[in-house]
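Everything below concerns the one structure shown next.
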Amino acid sequence: MSFLLIILLIVILLIGLYSFLLLDLNSSLIQLDLLFIDIDIPLGNAILISFLLGLFVAVFLEIIFFSAKGKRQKDE
């Protein structure tokens with residue numbers, strides 16, 4: 001196995017462990033006030049959802065950046 005694959009597996013393992021630790025915070029509720037809706041959700045779920053959403057946005061933007069960079073290098 002390559003070094004990057006081992007690092008990737010360690011990062012995935014740490015994210016999974018982090019997720020389980022955050023789900024322990026589910027005993028306290030927070031009130032999320034949207035424009036017309038009030039939602040009571042557990043604190044652990046709110047933190048986990050925001051973390052994963054940020055992770056997916058960052059990966060999506062990196063994919064767009066590197067695909068545009070590859071096209072630009074082919075043109076030159």
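Residues are named by chain letter and number: chains run A, B, ... in the order of the structure tokens, numbers start at 1 in each chain, and ligands are numbered from 1 in the order shown.
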
Mind checking DSSP for chain A and telling me the strand (DSSP E or B) residues as a VMD selection string? chain A and resid 29 to 33 38 to 42

Run DSSP on the backbone and tell me which residues of chain A come out as helix (DSSP H, G or I); list them as a PyMOL selection string. chain A and resi 3-27+43-75

Separating atom CA of Ala46 of chain A from atom CA of Ala58 of chain A, to the nearest tenth of an Å, is a gap of 18.3 Å

Neighbour list for Asn45 of chain A as a PyMOL selection string, cut-off 8 Å, only C-alpha atoms, skip fewer than 3 positions in-chain: chain A and resi 22-23+26+41-42+48-49

Could you dump the residues just selected with N, CA and C atoms as an mmCIF file, in the first residue's frame?
```cif
data_model
loop_
_atom_site.group_PDB
_atom_site.id
_atom_site.type_symbol
_atom_site.label_atom_id
_atom_site.label_comp_id
_atom_site.auth_asym_id
_atom_site.auth_seq_id
_atom_site.Cartn_x
_atom_site.Cartn_y
_atom_site.Cartn_z
ATOM 1 N N LEU A 22 -19.156 12.981 18.606
ATOM 2 C CA LEU A 22 -20.128 14.062 18.506
ATOM 3 C C LEU A 22 -21.545 13.579 18.772
ATOM 4 N N LEU A 23 -21.829 12.348 18.414
ATOM 5 C CA LEU A 23 -23.180 11.835 18.647
ATOM 6 C C LEU A 23 -23.448 11.611 20.128
ATOM 7 N N ASN A 26 -25.748 14.257 22.054
ATOM 8 C CA ASN A 26 -27.158 14.333 21.691
ATOM 9 C C ASN A 26 -28.091 14.560 22.876
ATOM 10 N N ILE A 41 -32.982 20.364 17.396
ATOM 11 C CA ILE A 41 -32.143 19.234 17.018
ATOM 12 C C ILE A 41 -31.052 19.046 18.063
ATOM 13 N N PRO A 42 -30.581 17.812 18.213
ATOM 14 C CA PRO A 42 -29.495 17.563 19.169
ATOM 15 C C PRO A 42 -28.206 18.261 18.747
ATOM 16 N N LEU A 48 -22.144 17.623 13.654
ATOM 17 C CA LEU A 48 -21.754 16.623 12.666
ATOM 18 C C LEU A 48 -22.230 16.998 11.264
ATOM 19 N N ILE A 49 -23.444 17.483 11.145
ATOM 20 C CA ILE A 49 -23.978 17.875 9.841
ATOM 21 C C ILE A 49 -23.197 19.054 9.277
#
```

Extract, using only C-alpha atoms, all DNA, RNA and protein residues at most 12 Å from Asp40 of chain A, discarding same-chain residues fewer than 4 positions from it, and format them as a list in words. Asn26, Ser27, Ser28, Leu29, Ile30, Gln31, Leu32, Asp33, Leu34, Asn45 and Ala46 of chain A

Can those selected residues be exported to a file as a compact mmCIF listing (two decimals), in the first residue's frame so that it contains C-alpha atoms?
```txt
# COMPACT_ATOMS: atom_id res chain seq x y z
CA ASN A 26 -27.16 14.33 21.69
CA SER A 27 -28.45 14.81 25.24
CA SER A 28 -28.58 18.60 24.82
CA LEU A 29 -30.97 20.17 22.33
CA ILE A 30 -30.44 23.39 20.42
CA GLN A 31 -33.14 25.43 18.76
CA LEU A 32 -32.45 26.22 15.11
CA ASP A 33 -34.52 29.23 14.07
CA LEU A 34 -34.98 29.36 10.30
CA ASN A 45 -26.17 16.09 15.08
CA ALA A 46 -25.91 19.83 14.33
```
